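final01.cif (mmCIF, C-alpha atoms) appears below.
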```cif
data_start
#
loop_
_atom_site.group_PDB
_atom_site.id
_atom_site.type_symbol
_atom_site.label_atom_id
_atom_site.label_comp_id
_atom_site.auth_asym_id
_atom_site.auth_seq_id
_atom_site.Cartn_x
_atom_site.Cartn_y
_atom_site.Cartn_z
ATOM 1 C CA MET A 1 2.058 6.248 -10.544
ATOM 2 C CA MET A 2 2.922 3.614 -13.116
ATOM 3 C CA GLY A 3 6.403 4.086 -14.549
ATOM 4 C CA ASP A 4 7.384 3.587 -18.176
ATOM 5 C CA ARG A 5 8.712 0.087 -17.461
ATOM 6 C CA GLY A 6 5.575 -0.983 -15.607
ATOM 7 C CA ARG A 7 7.059 -0.178 -12.219
ATOM 8 C CA LEU A 8 4.683 1.054 -9.573
ATOM 9 C CA VAL A 9 5.783 4.176 -7.709
ATOM 10 C CA ILE A 10 4.433 4.387 -4.157
ATOM 11 C CA PRO A 11 4.570 7.859 -2.584
ATOM 12 C CA ALA A 12 7.015 8.228 0.330
ATOM 13 C CA GLU A 13 4.207 9.103 2.766
ATOM 14 C CA LEU A 14 2.453 5.784 2.092
ATOM 15 C CA ARG A 15 5.709 3.816 2.214
ATOM 16 C CA GLN A 16 6.448 5.299 5.643
ATOM 17 C CA ARG A 17 2.898 4.784 6.921
ATOM 18 C CA TYR A 18 2.890 1.101 5.960
ATOM 19 C CA GLY A 19 6.539 0.341 6.670
ATOM 20 C CA LEU A 20 7.401 -0.410 3.063
ATOM 21 C CA ALA A 21 11.126 -0.451 2.354
ATOM 22 C CA ALA A 22 13.078 -1.530 -0.689
ATOM 23 C CA GLY A 23 12.699 -5.285 -1.031
ATOM 24 C CA THR A 24 9.481 -5.561 0.998
ATOM 25 C CA PRO A 25 7.437 -8.401 -0.549
ATOM 26 C CA VAL A 26 4.047 -7.204 -1.765
ATOM 27 C CA ALA A 27 1.160 -8.763 -3.658
ATOM 28 C CA LEU A 28 -1.326 -7.318 -6.095
ATOM 29 C CA VAL A 29 -4.734 -8.852 -5.459
ATOM 30 C CA GLU A 30 -7.478 -8.590 -8.059
ATOM 31 C CA THR A 31 -10.883 -7.900 -6.506
ATOM 32 C CA GLU A 32 -14.260 -6.977 -7.947
ATOM 33 C CA GLN A 33 -13.416 -3.363 -7.116
ATOM 34 C CA GLY A 34 -9.996 -3.432 -8.816
ATOM 35 C CA LEU A 35 -6.394 -4.118 -7.824
ATOM 36 C CA VAL A 36 -5.307 -3.980 -4.186
ATOM 37 C CA LEU A 37 -1.664 -3.808 -3.111
ATOM 38 C CA MET A 38 -0.894 -5.683 0.128
ATOM 39 C CA THR A 39 2.142 -6.729 2.092
ATOM 40 C CA ARG A 40 2.494 -10.456 2.752
ATOM 41 C CA GLU A 41 1.260 -9.978 6.310
ATOM 42 C CA GLN A 42 -1.782 -7.998 5.137
ATOM 43 C CA LEU A 43 -2.536 -10.668 2.535
ATOM 44 C CA LYS A 44 -2.246 -13.392 5.168
ATOM 45 C CA ARG A 45 -4.756 -11.603 7.427
ATOM 46 C CA TYR A 46 -7.045 -10.957 4.440
ATOM 47 C CA VAL A 47 -7.120 -14.645 3.491
ATOM 48 C CA GLN A 48 -7.586 -15.758 7.099
ATOM 49 C CA ALA A 49 -10.526 -13.372 7.523
ATOM 50 C CA ASP A 50 -12.022 -14.521 4.229
ATOM 51 C CA CYS A 51 -11.834 -18.172 5.318
ATOM 52 C CA ALA A 52 -12.954 -17.616 8.912
ATOM 53 C CA GLY A 53 -16.071 -19.476 9.885
ATOM 54 C CA ARG A 54 -16.202 -21.546 6.729
ATOM 55 C CA GLY A 55 -15.250 -24.777 8.438
ATOM 56 C CA LEU A 56 -13.206 -25.857 5.438
ATOM 57 C CA VAL A 57 -11.612 -28.782 7.249
ATOM 58 C CA ASP A 58 -14.967 -30.032 8.520
ATOM 59 C CA ALA A 59 -16.484 -29.747 5.043
ATOM 60 C CA LEU A 60 -13.553 -31.626 3.500
ATOM 61 C CA LEU A 61 -13.773 -34.398 6.100
ATOM 62 C CA GLU A 62 -17.514 -34.740 5.537
ATOM 63 C CA ASP A 63 -16.946 -35.021 1.769
ATOM 64 C CA ARG A 64 -14.328 -37.720 2.338
ATOM 65 C CA ARG A 65 -16.694 -39.643 4.643
ATOM 66 C CA ARG A 66 -19.428 -39.563 2.012
ATOM 67 C CA GLU A 67 -16.978 -40.724 -0.662
ATOM 68 C CA ALA A 68 -15.785 -43.553 1.580
ATOM 69 C CA GLU A 69 -19.366 -44.706 2.213
ATOM 70 C CA THR A 70 -20.061 -44.713 -1.508
ATOM 71 C CA ASP A 71 -16.870 -46.674 -2.272
ATOM 72 C CA VAL A 72 -17.718 -49.345 0.327
ATOM 73 C CA ARG A 73 -21.202 -50.005 -1.092
#
```
File written out as structure tokens:
Amino acid sequence: MMGDRGRLVIPAELRQRYGLAAGTPVALVETEQGLVLMTREQLKRYVQADCAGRGLVDALLEDRRREAETDVR
């Protein structure tokens, strides 16, 4: 439930299930389906899974190689 000051109230059952205590860092993530509340650890796993298999480093290195070849010519 959203409180009158914009505070989000998480039911005790969910806090216990997910180990949420006062001061636990959380993030609200906007998705196509709406807002998702995650702990830092959940967000870390979410981002890692989203980036898995993309070969971001390889793609960046390939871009840099192409740029270097263009600069030399």
Quiz item: Which one of A:Ala27, A:Glu13, A:Asp4, A:Val57 sits closest to Arg40 (chain A) if you count all atoms listed in the file?
Solution: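 That would be A:Ala27, the residue with the smallest distance to Arg40 (chain A).
Taking CA of Leu8 (chain A) and CA of Tyr46 (chain A) as the two end points, the separation is 21.9 Å.
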Quiz item: Excluding same-chain residues fewer than 3 positions from region 14-21 of chain A, what lies within 12 Å of it counting all atoms listed in the file, as a ChimeraX atom specification?
Solution: /A:9-11,24-26,37-42
Axis-aligned box over every listed atom of region 57-72 of chain A, padded by 8 Å per side: centre and edges in Å to one decimal, as lines of an AutoDock Vina configuration file?
```
center_x = -15.8
center_y = -39.1
center_z = 3.1
size_x = 24.4
size_y = 36.6
size_z = 26.8
```
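Our summary of the geometry notes that CA of Leu60 (chain A) is positioned 26.0 Å from CA of Val29 (chain A).
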Quiz item: Could you work out how far CA of Arg45 (chain A) lies from CA of Leu28 (chain A), giving the answer in Å with one decimal?
Solution: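 Between CA of Leu28 (chain A) and CA of Arg45 (chain A) the gap works out to 14.6 Å.
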For region 33-66 of chain A, supply N, CA and C atoms and report the output as an mmCIF file, in the coordinates of the input.
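Saved to selection.cif:
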```
data_model
loop_
_atom_site.group_PDB
_atom_site.id
_atom_site.type_symbol
_atom_site.label_atom_id
_atom_site.label_comp_id
_atom_site.auth_asym_id
_atom_site.auth_seq_id
_atom_site.Cartn_x
_atom_site.Cartn_y
_atom_site.Cartn_z
ATOM 1 N N GLN A 33 -13.550 -4.812 -7.089
ATOM 2 C CA GLN A 33 -13.416 -3.363 -7.116
ATOM 3 C C GLN A 33 -12.163 -2.903 -7.853
ATOM 4 N N GLY A 34 -11.232 -3.790 -8.135
ATOM 5 C CA GLY A 34 -9.996 -3.432 -8.816
ATOM 6 C C GLY A 34 -8.805 -4.103 -8.155
ATOM 7 N N LEU A 35 -7.617 -3.567 -8.399
ATOM 8 C CA LEU A 35 -6.394 -4.118 -7.824
ATOM 9 C C LEU A 35 -6.131 -3.532 -6.446
ATOM 10 N N VAL A 36 -5.648 -4.399 -5.536
ATOM 11 C CA VAL A 36 -5.307 -3.980 -4.186
ATOM 12 C C VAL A 36 -3.870 -4.420 -3.920
ATOM 13 N N LEU A 37 -3.046 -3.507 -3.459
ATOM 14 C CA LEU A 37 -1.664 -3.808 -3.111
ATOM 15 C C LEU A 37 -1.602 -4.125 -1.626
ATOM 16 N N MET A 38 -0.991 -5.274 -1.269
ATOM 17 C CA MET A 38 -0.894 -5.683 0.128
ATOM 18 C C MET A 38 0.494 -6.231 0.406
ATOM 19 N N THR A 39 0.928 -6.054 1.659
ATOM 20 C CA THR A 39 2.142 -6.729 2.092
ATOM 21 C C THR A 39 1.778 -8.193 2.316
ATOM 22 N N ARG A 40 2.772 -9.040 2.483
ATOM 23 C CA ARG A 40 2.494 -10.456 2.752
ATOM 24 C C ARG A 40 1.656 -10.631 4.013
ATOM 25 N N GLU A 41 1.995 -9.863 5.047
ATOM 26 C CA GLU A 41 1.260 -9.978 6.310
ATOM 27 C C GLU A 41 -0.194 -9.532 6.130
ATOM 28 N N GLN A 42 -0.418 -8.454 5.397
ATOM 29 C CA GLN A 42 -1.782 -7.998 5.137
ATOM 30 C C GLN A 42 -2.547 -9.047 4.337
ATOM 31 N N LEU A 43 -1.887 -9.638 3.350
ATOM 32 C CA LEU A 43 -2.536 -10.668 2.535
ATOM 33 C C LEU A 43 -2.883 -11.879 3.383
ATOM 34 N N LYS A 44 -1.992 -12.264 4.268
ATOM 35 C CA LYS A 44 -2.246 -13.392 5.168
ATOM 36 C C LYS A 44 -3.492 -13.133 6.012
ATOM 37 N N ARG A 45 -3.582 -11.947 6.605
ATOM 38 C CA ARG A 45 -4.756 -11.603 7.427
ATOM 39 C C ARG A 45 -6.026 -11.555 6.575
ATOM 40 N N TYR A 46 -5.912 -11.051 5.357
ATOM 41 C CA TYR A 46 -7.045 -10.957 4.440
ATOM 42 C C TYR A 46 -7.597 -12.356 4.128
ATOM 43 N N VAL A 47 -6.707 -13.279 3.815
ATOM 44 C CA VAL A 47 -7.120 -14.645 3.491
ATOM 45 C C VAL A 47 -7.702 -15.330 4.718
ATOM 46 N N GLN A 48 -7.065 -15.146 5.879
ATOM 47 C CA GLN A 48 -7.586 -15.758 7.099
ATOM 48 C C GLN A 48 -8.984 -15.240 7.413
ATOM 49 N N ALA A 49 -9.206 -13.945 7.258
ATOM 50 C CA ALA A 49 -10.526 -13.372 7.523
ATOM 51 C C ALA A 49 -11.549 -13.886 6.521
ATOM 52 N N ASP A 50 -11.118 -14.047 5.274
ATOM 53 C CA ASP A 50 -12.022 -14.521 4.229
ATOM 54 C C ASP A 50 -12.442 -15.973 4.480
ATOM 55 N N CYS A 51 -11.555 -16.752 5.065
ATOM 56 C CA CYS A 51 -11.834 -18.172 5.318
ATOM 57 C C CYS A 51 -12.457 -18.430 6.683
ATOM 58 N N ALA A 52 -12.454 -17.433 7.546
ATOM 59 C CA ALA A 52 -12.954 -17.616 8.912
ATOM 60 C C ALA A 52 -14.412 -18.060 8.897
ATOM 61 N N GLY A 53 -14.694 -19.034 9.728
ATOM 62 C CA GLY A 53 -16.071 -19.476 9.885
ATOM 63 C C GLY A 53 -16.569 -20.396 8.798
ATOM 64 N N ARG A 54 -15.751 -20.694 7.826
ATOM 65 C CA ARG A 54 -16.202 -21.546 6.729
ATOM 66 C C ARG A 54 -16.143 -23.028 7.077
ATOM 67 N N GLY A 55 -15.354 -23.380 8.067
ATOM 68 C CA GLY A 55 -15.250 -24.777 8.438
ATOM 69 C C GLY A 55 -14.740 -25.631 7.286
ATOM 70 N N LEU A 56 -13.710 -25.162 6.609
ATOM 71 C CA LEU A 56 -13.206 -25.857 5.438
ATOM 72 C C LEU A 56 -12.739 -27.269 5.755
ATOM 73 N N VAL A 57 -12.095 -27.451 6.875
ATOM 74 C CA VAL A 57 -11.612 -28.782 7.249
ATOM 75 C C VAL A 57 -12.799 -29.704 7.502
ATOM 76 N N ASP A 58 -13.784 -29.214 8.237
ATOM 77 C CA ASP A 58 -14.967 -30.032 8.520
ATOM 78 C C ASP A 58 -15.690 -30.417 7.230
ATOM 79 N N ALA A 59 -15.818 -29.463 6.314
ATOM 80 C CA ALA A 59 -16.484 -29.747 5.043
ATOM 81 C C ALA A 59 -15.704 -30.779 4.240
ATOM 82 N N LEU A 60 -14.380 -30.669 4.219
ATOM 83 C CA LEU A 60 -13.553 -31.626 3.500
ATOM 84 C C LEU A 60 -13.679 -33.017 4.108
ATOM 85 N N LEU A 61 -13.635 -33.103 5.433
ATOM 86 C CA LEU A 61 -13.773 -34.398 6.100
ATOM 87 C C LEU A 61 -15.137 -35.027 5.815
ATOM 88 N N GLU A 62 -16.175 -34.235 5.824
ATOM 89 C CA GLU A 62 -17.514 -34.740 5.537
ATOM 90 C C GLU A 62 -17.582 -35.270 4.106
ATOM 91 N N ASP A 63 -16.991 -34.550 3.159
ATOM 92 C CA ASP A 63 -16.946 -35.021 1.769
ATOM 93 C C ASP A 63 -16.225 -36.355 1.676
ATOM 94 N N ARG A 64 -15.105 -36.472 2.373
ATOM 95 C CA ARG A 64 -14.328 -37.720 2.338
ATOM 96 C C ARG A 64 -15.127 -38.878 2.955
ATOM 97 N N ARG A 65 -15.874 -38.596 4.025
ATOM 98 C CA ARG A 65 -16.694 -39.643 4.643
ATOM 99 C C ARG A 65 -17.760 -40.138 3.672
ATOM 100 N N ARG A 66 -18.408 -39.182 2.986
ATOM 101 C CA ARG A 66 -19.428 -39.563 2.012
ATOM 102 C C ARG A 66 -18.827 -40.394 0.883
#
```
